[in-house]
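Source file: protein23.json. Holds: JSON, C-alpha atoms.
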```json
[["chain", "number", "residue", "atom", "x", "y", "z"],
["X", 1, "MET", "CA", 23.19, -19.95, 2.47],
["X", 2, "LEU", "CA", 20.34, -18.08, 4.21],
["X", 3, "HIS", "CA", 16.83, -18.07, 2.77],
["X", 4, "PRO", "CA", 13.70, -16.39, 4.07],
["X", 5, "HIS", "CA", 11.14, -18.80, 5.48],
["X", 6, "VAL", "CA", 8.62, -19.64, 2.78],
["X", 7, "PRO", "CA", 5.92, -22.09, 3.95],
["X", 8, "PHE", "CA", 3.83, -24.58, 1.97],
["X", 9, "GLY", "CA", 6.38, -25.80, -0.52],
["X", 10, "SER", "CA", 7.31, -22.53, -2.21],
["X", 11, "GLU", "CA", 10.92, -23.17, -1.39],
["X", 12, "ALA", "CA", 12.98, -25.60, -3.45],
["X", 13, "GLN", "CA", 16.51, -26.57, -2.53],
["X", 14, "ASP", "CA", 18.66, -23.41, -2.75],
["X", 15, "HIS", "CA", 15.92, -21.57, -4.64],
["X", 16, "ILE", "CA", 13.15, -19.18, -3.69],
["X", 17, "ALA", "CA", 10.37, -18.94, -6.25],
["X", 18, "PRO", "CA", 9.85, -15.49, -7.78],
["X", 19, "ARG", "CA", 7.02, -13.58, -6.11],
["X", 20, "TYR", "CA", 4.64, -14.16, -9.02],
["X", 21, "GLN", "CA", 5.22, -17.93, -8.89],
["X", 22, "ARG", "CA", 4.89, -18.41, -5.13],
["X", 23, "ALA", "CA", 1.12, -18.80, -5.04],
["X", 24, "ASP", "CA", -1.86, -19.60, -7.18],
["X", 25, "ILE", "CA", -4.11, -16.85, -5.82],
["X", 26, "HIS", "CA", -3.68, -13.51, -4.06],
["X", 27, "ILE", "CA", -6.56, -12.32, -1.86],
["X", 28, "VAL", "CA", -7.31, -9.09, -0.03],
["X", 29, "THR", "CA", -10.22, -8.53, 2.36],
["X", 30, "THR", "CA", -12.33, -5.41, 2.73],
["X", 31, "ALA", "CA", -11.61, -5.53, 6.48],
["X", 32, "SER", "CA", -7.90, -5.06, 5.74],
["X", 33, "THR", "CA", -8.44, -2.30, 3.18],
["X", 34, "ASN", "CA", -10.75, -0.52, 5.64],
["X", 35, "ARG", "CA", -8.17, -0.84, 8.45],
["X", 36, "LEU", "CA", -5.39, 0.48, 6.22],
["X", 37, "ALA", "CA", -7.57, 3.38, 5.05],
["X", 38, "GLY", "CA", -8.27, 4.26, 8.68],
["X", 39, "LEU", "CA", -4.56, 4.57, 9.38],
["X", 40, "LEU", "CA", -3.79, 6.95, 6.49],
["X", 41, "ALA", "CA", -4.24, 10.71, 6.28],
["X", 42, "ASP", "CA", -5.87, 10.25, 2.85],
["X", 43, "PRO", "CA", -8.04, 7.11, 3.03],
["X", 44, "SER", "CA", -9.09, 7.50, -0.60],
["X", 45, "GLN", "CA", -5.63, 6.26, -1.60],
["X", 46, "VAL", "CA", -6.46, 2.75, -0.40],
["X", 47, "ASP", "CA", -7.92, 0.98, -3.38],
["X", 48, "SER", "CA", -7.65, -2.71, -4.25],
["X", 49, "ARG", "CA", -5.99, -1.76, -7.57],
["X", 50, "ARG", "CA", -2.84, -0.85, -5.61],
["X", 51, "PHE", "CA", -2.48, -4.42, -4.40],
["X", 52, "ARG", "CA", -3.40, -6.36, -7.58],
["X", 53, "PRO", "CA", -5.33, -9.20, -5.91],
["X", 54, "ASN", "CA", -7.04, -11.96, -7.87],
["X", 55, "ILE", "CA", -9.92, -11.92, -5.40],
["X", 56, "VAL", "CA", -11.29, -9.22, -3.07],
["X", 57, "ILE", "CA", -13.32, -10.77, -0.27],
["X", 58, "GLU", "CA", -16.04, -8.62, 1.24],
["X", 59, "THR", "CA", -15.91, -9.29, 4.96],
["X", 60, "ASP", "CA", -18.62, -8.89, 7.55],
["X", 61, "ALA", "CA", -18.71, -5.47, 9.23],
["X", 62, "SER", "CA", -17.89, -7.13, 12.56],
["X", 63, "GLN", "CA", -14.46, -8.18, 11.24],
["X", 64, "ASP", "CA", -11.83, -5.58, 11.87],
["X", 65, "GLY", "CA", -8.12, -5.22, 11.32],
["X", 66, "PHE", "CA", -5.75, -7.07, 9.05],
["X", 67, "VAL", "CA", -7.85, -10.24, 8.83],
["X", 68, "GLU", "CA", -5.46, -12.15, 6.58],
["X", 69, "GLN", "CA", -2.86, -12.23, 9.37],
["X", 70, "GLN", "CA", -5.31, -14.18, 11.52],
["X", 71, "ILE", "CA", -6.22, -16.87, 8.98],
["X", 72, "ILE", "CA", -2.84, -18.18, 7.75],
["X", 73, "GLY", "CA", -3.08, -21.96, 7.41],
["X", 74, "LYS", "CA", -6.88, -21.99, 7.17],
["X", 75, "VAL", "CA", -8.93, -23.00, 4.14],
["X", 76, "LEU", "CA", -11.43, -20.84, 2.27],
["X", 77, "SER", "CA", -14.29, -22.36, 0.33],
["X", 78, "ILE", "CA", -15.34, -20.05, -2.50],
["X", 79, "GLY", "CA", -17.94, -21.37, -4.90],
["X", 80, "GLU", "CA", -16.73, -24.83, -5.93],
["X", 81, "ALA", "CA", -13.08, -24.12, -5.06],
["X", 82, "ARG", "CA", -11.07, -24.54, -1.87],
["X", 83, "ILE", "CA", -7.90, -22.56, -1.25],
["X", 84, "VAL", "CA", -5.47, -22.65, 1.66],
["X", 85, "ILE", "CA", -4.17, -19.34, 2.99],
["X", 86, "SER", "CA", -0.43, -19.96, 2.93],
["X", 87, "GLU", "CA", 1.34, -16.70, 3.82],
["X", 88, "LEU", "CA", 1.03, -12.94, 4.00],
["X", 89, "CYS", "CA", 1.76, -11.14, 0.76],
["X", 90, "ALA", "CA", 4.99, -9.20, 1.30],
["X", 91, "ARG", "CA", 4.75, -5.72, -0.16],
["X", 92, "CYS", "CA", 7.13, -3.66, -2.26],
["X", 93, "THR", "CA", 7.16, -0.13, -3.63],
["X", 94, "PHE", "CA", 4.56, -1.00, -6.30],
["X", 95, "THR", "CA", 1.88, -0.28, -3.69],
["X", 96, "ALA", "CA", 3.04, 3.34, -3.50],
["X", 97, "LEU", "CA", 3.19, 4.00, -7.25],
["X", 98, "ALA", "CA", 0.65, 6.17, -9.04],
["X", 99, "GLN", "CA", -1.93, 4.08, -10.88],
["X", 100, "GLY", "CA", -4.72, 5.63, -12.92],
["X", 101, "ASP", "CA", -6.34, 8.22, -10.67],
["X", 102, "LEU", "CA", -4.41, 7.01, -7.60],
["X", 103, "ALA", "CA", -1.55, 9.32, -6.63],
["X", 104, "PHE", "CA", 2.00, 8.32, -5.75],
["X", 105, "GLU", "CA", 1.55, 7.63, -2.03],
["X", 106, "PRO", "CA", 4.57, 6.33, -0.06],
["X", 107, "ALA", "CA", 2.49, 6.41, 3.14],
["X", 108, "VAL", "CA", 0.62, 3.31, 1.93],
["X", 109, "LEU", "CA", 3.75, 1.14, 1.99],
["X", 110, "GLN", "CA", 5.09, 2.82, 5.14],
["X", 111, "THR", "CA", 1.83, 2.11, 6.96],
["X", 112, "ILE", "CA", 1.82, -1.52, 5.81],
["X", 113, "ALA", "CA", 5.38, -1.88, 7.11],
["X", 114, "ARG", "CA", 4.50, -0.24, 10.43],
["X", 115, "HIS", "CA", 1.13, -1.87, 11.14],
["X", 116, "GLY", "CA", 0.82, -4.87, 8.81],
["X", 117, "GLU", "CA", 4.04, -6.71, 9.60],
["X", 118, "GLY", "CA", 5.21, -5.81, 6.07],
["X", 119, "GLY", "CA", 2.43, -7.85, 4.50],
["X", 120, "PHE", "CA", -0.95, -6.97, 3.13],
["X", 121, "GLY", "CA", -3.33, -9.53, 1.72],
["X", 122, "ALA", "CA", -2.48, -13.22, 1.55],
["X", 123, "LEU", "CA", -1.05, -15.70, -0.90],
["X", 124, "CYS", "CA", -3.07, -18.89, -1.35],
["X", 125, "GLN", "CA", -2.72, -22.33, -2.89],
["X", 126, "VAL", "CA", -5.61, -24.02, -4.67],
["X", 127, "VAL", "CA", -6.34, -27.37, -3.01],
["X", 128, "GLN", "CA", -9.59, -28.06, -4.88],
["X", 129, "PRO", "CA", -10.05, -26.41, -8.26],
["X", 130, "GLY", "CA", -13.53, -25.21, -9.10],
["X", 131, "LYS", "CA", -15.62, -22.41, -10.54],
["X", 132, "ILE", "CA", -16.04, -19.22, -8.57],
["X", 133, "ARG", "CA", -18.39, -16.40, -9.42],
["X", 134, "LEU", "CA", -18.84, -12.83, -8.32],
["X", 135, "GLY", "CA", -20.97, -12.88, -5.18],
["X", 136, "ASP", "CA", -20.17, -16.49, -4.17],
["X", 137, "GLN", "CA", -20.31, -17.22, -0.46],
["X", 138, "VAL", "CA", -16.88, -17.45, 1.19],
["X", 139, "THR", "CA", -16.53, -19.83, 4.13],
["X", 140, "LEU", "CA", -13.52, -20.10, 6.45],
["X", 141, "ASN", "CA", -12.58, -23.64, 7.55],
["X", 142, "GLU", "CA", -9.80, -25.23, 9.55],
["X", 143, "ALA", "CA", -7.11, -26.89, 7.42]]
```

Represent the supplied structure as structure tokens.
Amino acid sequence: MLHPHVPFGSEAQDHIAPRYQRADIHIVTTASTNRLAGLLADPSQVDSRRFRPNIVIETDASQDGFVEQQIIGKVLSIGEARIVISELCARCTFTALAQGDLAFEPAVLQTIARHGEGGFGALCQVVQPGKIRLGDQVTLNEA
């Protein structure tokens, strides 16, 4: 039986965990949302609400592109917590659906598929539980 590759223990024998049980945390960076917005005809349609992350990380202006793709396997320290970036977050049609004042926009998902390797944001595992607060410093470390 074929299974997609799912790193960091998400895969049990003959079973793939449902998408909402594959990770503890889902992050998105402002570098990635800015890059995606720059690729769309209507950049106002890129809003973190489309992607439902637990944490939005404000990245330095010098960071460009889909940052999460470059940090798989690394560890983030946020406040008292440490999380490992385990895999890109595969995207489905939910990202195109209308939400609040955001219009139905299939170009969002199409652009992610074309330029983001089908993923946008990253799934993470908590390796050290701890309190995090709005505005906490985020530090990238090797695993």

Ranking X:Thr139, X:Thr33, X:Gln69, X:Gln45 by minimum distance to Gly119 of chain X and counting all atoms listed in the file, which one comes first?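 So, comparing all the options, the nearest one is X:Gln69.
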
Counting only C-alpha atoms, what is within 7 Å of Asn141 of chain X, bar same-chain residues fewer than 2 positions away, as a PyMOL selection string? chain X and resi 74-76+139+143

So which one's closest to Gly116 of chain X, X:Val67, X:Ile57, X:Ala96, X:Ala23? Using all atoms listed in the file, please.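 Using all atoms listed in the file, the shortest distance to Gly116 of chain X belongs to X:Val67.
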
Residue among X:Ser62, X:Gln125, X:Asn54, X:Thr111 lying closest to Thr95 of chain X, counting all atoms listed in the file: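 Closest residue, counting all atoms listed in the file: X:Thr111.
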
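Among the candidates X:Ile132, X:Ile25, X:Leu36, X:Ala31, the residue lying nearest to His115 of chain X is X:Leu36 (atoms considered: all atoms listed in the file).
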
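Separating atom CA of Glu80 of chain X from atom CA of Gln128 of chain X is a distance of 7.9 Å.
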
Need the shell around Glu68 of chain X: protein/DNA/RNA residues with any atom at most 8 Å away, counting all atoms listed in the file. Skip same-chain ones fewer than 6 positions apart. Format as a ChimeraX atom specification? /X:28-29,32,88,120-122

Now that the selection is made, can you save its residues with C-alpha atoms as a PDB file, keeping the file's coordinate frame?
```
ATOM      1  CA  VAL X  28      -7.310  -9.090  -0.030  1.00  0.00           C
ATOM      2  CA  THR X  29     -10.220  -8.530   2.360  1.00  0.00           C
ATOM      3  CA  SER X  32      -7.900  -5.060   5.740  1.00  0.00           C
ATOM      4  CA  LEU X  88       1.030 -12.940   4.000  1.00  0.00           C
ATOM      5  CA  PHE X 120      -0.950  -6.970   3.130  1.00  0.00           C
ATOM      6  CA  GLY X 121      -3.330  -9.530   1.720  1.00  0.00           C
ATOM      7  CA  ALA X 122      -2.480 -13.220   1.550  1.00  0.00           C
TER       8      ALA X 122
END
```

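Of the residues under consideration (X:Pro53, X:Gly73, X:Pro43, X:Gly130), X:Gly73 shows the shortest atom-to-atom contact distance to Glu142 of chain X when counting all atoms listed in the file.
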
Neighbour residues at most 12 Å from (10.6, -1.8, 7.7) (all atoms listed in the file) as an NGL selection string: :X and (90-93 or 109-119)

Please report, as lines of an AutoDock Vina configuration file, the centre and edge lengths in Å to one decimal of an axis-aligned box covering all listed atoms of segment 35-40 of chain X with 3 Å per side.
```
center_x = -6.0
center_y = 3.1
center_z = 7.2
size_x = 10.5
size_y = 13.8
size_z = 10.3
```

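For the pair atom CA of Gly135 of chain X and atom CA of Ile78 of chain X, the separation is 9.5 Å.
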
Taken to one decimal, the atom CA of Leu40 of chain X-atom CA of Leu134 of chain X distance is 28.9 Å

Extract, using all atoms listed in the file, all DNA, RNA and protein residues at most 6 Å from Ile72 of chain X, discarding same-chain residues fewer than 5 positions from it, and format them as a count of residues only. 3

Would you mind telling me which residue in X:Pro106, X:Ala41, X:Thr30, X:Ile71 lies nearest to Val84 of chain X when using all atoms listed in the file? X:Ile71

Please rebuild segment 54-65 of chain X with all heavy atoms and give the result as a JSON list (two decimals), in the frame of the given file.
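Output saved as part24.json:
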```json
[["chain", "number", "residue", "atom", "x", "y", "z"],
["X", 54, "ASN", "N", -6.15, -11.20, -6.98],
["X", 54, "ASN", "CA", -7.04, -11.96, -7.87],
["X", 54, "ASN", "C", -8.47, -11.90, -7.35],
["X", 54, "ASN", "O", -9.41, -11.89, -8.14],
["X", 54, "ASN", "CB", -6.62, -13.43, -7.94],
["X", 54, "ASN", "CG", -5.22, -13.60, -8.43],
["X", 54, "ASN", "OD1", -4.33, -13.85, -7.63],
["X", 54, "ASN", "ND2", -5.01, -13.47, -9.73],
["X", 55, "ILE", "N", -8.60, -11.89, -6.03],
["X", 55, "ILE", "CA", -9.92, -11.92, -5.40],
["X", 55, "ILE", "C", -9.96, -10.92, -4.25],
["X", 55, "ILE", "O", -9.06, -10.90, -3.41],
["X", 55, "ILE", "CB", -10.25, -13.32, -4.85],
["X", 55, "ILE", "CG1", -10.22, -14.37, -5.97],
["X", 55, "ILE", "CG2", -11.60, -13.33, -4.13],
["X", 55, "ILE", "CD1", -10.33, -15.79, -5.48],
["X", 56, "VAL", "N", -11.03, -10.09, -4.22],
["X", 56, "VAL", "CA", -11.29, -9.22, -3.07],
["X", 56, "VAL", "C", -12.48, -9.83, -2.34],
["X", 56, "VAL", "O", -13.54, -10.04, -2.94],
["X", 56, "VAL", "CB", -11.62, -7.78, -3.51],
["X", 56, "VAL", "CG1", -11.98, -6.93, -2.30],
["X", 56, "VAL", "CG2", -10.44, -7.16, -4.27],
["X", 57, "ILE", "N", -12.28, -10.14, -1.07],
["X", 57, "ILE", "CA", -13.32, -10.77, -0.27],
["X", 57, "ILE", "C", -13.98, -9.71, 0.60],
["X", 57, "ILE", "O", -13.32, -9.06, 1.42],
["X", 57, "ILE", "CB", -12.75, -11.91, 0.60],
["X", 57, "ILE", "CG1", -12.17, -13.00, -0.31],
["X", 57, "ILE", "CG2", -13.82, -12.46, 1.54],
["X", 57, "ILE", "CD1", -11.43, -14.09, 0.42],
["X", 58, "GLU", "N", -15.28, -9.56, 0.41],
["X", 58, "GLU", "CA", -16.04, -8.62, 1.24],
["X", 58, "GLU", "C", -16.31, -9.30, 2.57],
["X", 58, "GLU", "O", -16.98, -10.33, 2.64],
["X", 58, "GLU", "CB", -17.36, -8.25, 0.55],
["X", 58, "GLU", "CG", -18.11, -7.19, 1.30],
["X", 58, "GLU", "CD", -19.35, -6.74, 0.55],
["X", 58, "GLU", "OE1", -19.42, -6.90, -0.67],
["X", 58, "GLU", "OE2", -20.25, -6.22, 1.22],
["X", 59, "THR", "N", -15.76, -8.71, 3.63],
["X", 59, "THR", "CA", -15.91, -9.29, 4.96],
["X", 59, "THR", "C", -17.07, -8.65, 5.70],
["X", 59, "THR", "O", -17.50, -7.55, 5.39],
["X", 59, "THR", "CB", -14.60, -9.10, 5.76],
["X", 59, "THR", "OG1", -14.19, -7.74, 5.69],
["X", 59, "THR", "CG2", -13.49, -9.98, 5.23],
["X", 60, "ASP", "N", -17.55, -9.36, 6.69],
["X", 60, "ASP", "CA", -18.62, -8.89, 7.55],
["X", 60, "ASP", "C", -18.15, -7.64, 8.30],
["X", 60, "ASP", "O", -16.97, -7.53, 8.67],
["X", 60, "ASP", "CB", -18.96, -10.02, 8.54],
["X", 60, "ASP", "CG", -20.13, -9.68, 9.41],
["X", 60, "ASP", "OD1", -19.90, -9.08, 10.48],
["X", 60, "ASP", "OD2", -21.27, -10.00, 9.02],
["X", 61, "ALA", "N", -19.05, -6.72, 8.55],
["X", 61, "ALA", "CA", -18.71, -5.47, 9.23],
["X", 61, "ALA", "C", -18.13, -5.70, 10.62],
["X", 61, "ALA", "O", -17.40, -4.86, 11.14],
["X", 61, "ALA", "CB", -19.94, -4.57, 9.31],
["X", 62, "SER", "N", -18.41, -6.85, 11.22],
["X", 62, "SER", "CA", -17.89, -7.13, 12.56],
["X", 62, "SER", "C", -16.41, -7.50, 12.53],
["X", 62, "SER", "O", -15.73, -7.48, 13.55],
["X", 62, "SER", "CB", -18.68, -8.26, 13.22],
["X", 62, "SER", "OG", -18.47, -9.47, 12.52],
["X", 63, "GLN", "N", -15.88, -7.84, 11.36],
["X", 63, "GLN", "CA", -14.46, -8.18, 11.24],
["X", 63, "GLN", "C", -13.65, -6.91, 11.07],
["X", 63, "GLN", "O", -13.98, -6.08, 10.22],
["X", 63, "GLN", "CB", -14.23, -9.15, 10.10],
["X", 63, "GLN", "CG", -14.87, -10.50, 10.35],
["X", 63, "GLN", "CD", -14.69, -11.43, 9.19],
["X", 63, "GLN", "OE1", -14.99, -11.09, 8.06],
["X", 63, "GLN", "NE2", -14.20, -12.62, 9.47],
["X", 64, "ASP", "N", -12.62, -6.79, 11.86],
["X", 64, "ASP", "CA", -11.83, -5.58, 11.87],
["X", 64, "ASP", "C", -10.35, -5.93, 11.82],
["X", 64, "ASP", "O", -9.96, -7.01, 12.23],
["X", 64, "ASP", "CB", -12.15, -4.80, 13.16],
["X", 64, "ASP", "CG", -11.52, -3.41, 13.17],
["X", 64, "ASP", "OD1", -11.29, -2.85, 12.08],
["X", 64, "ASP", "OD2", -11.25, -2.90, 14.27],
["X", 65, "GLY", "N", -9.56, -5.03, 11.32],
["X", 65, "GLY", "CA", -8.12, -5.22, 11.32],
["X", 65, "GLY", "C", -7.63, -5.96, 10.08],
["X", 65, "GLY", "O", -8.36, -6.15, 9.11]]
```
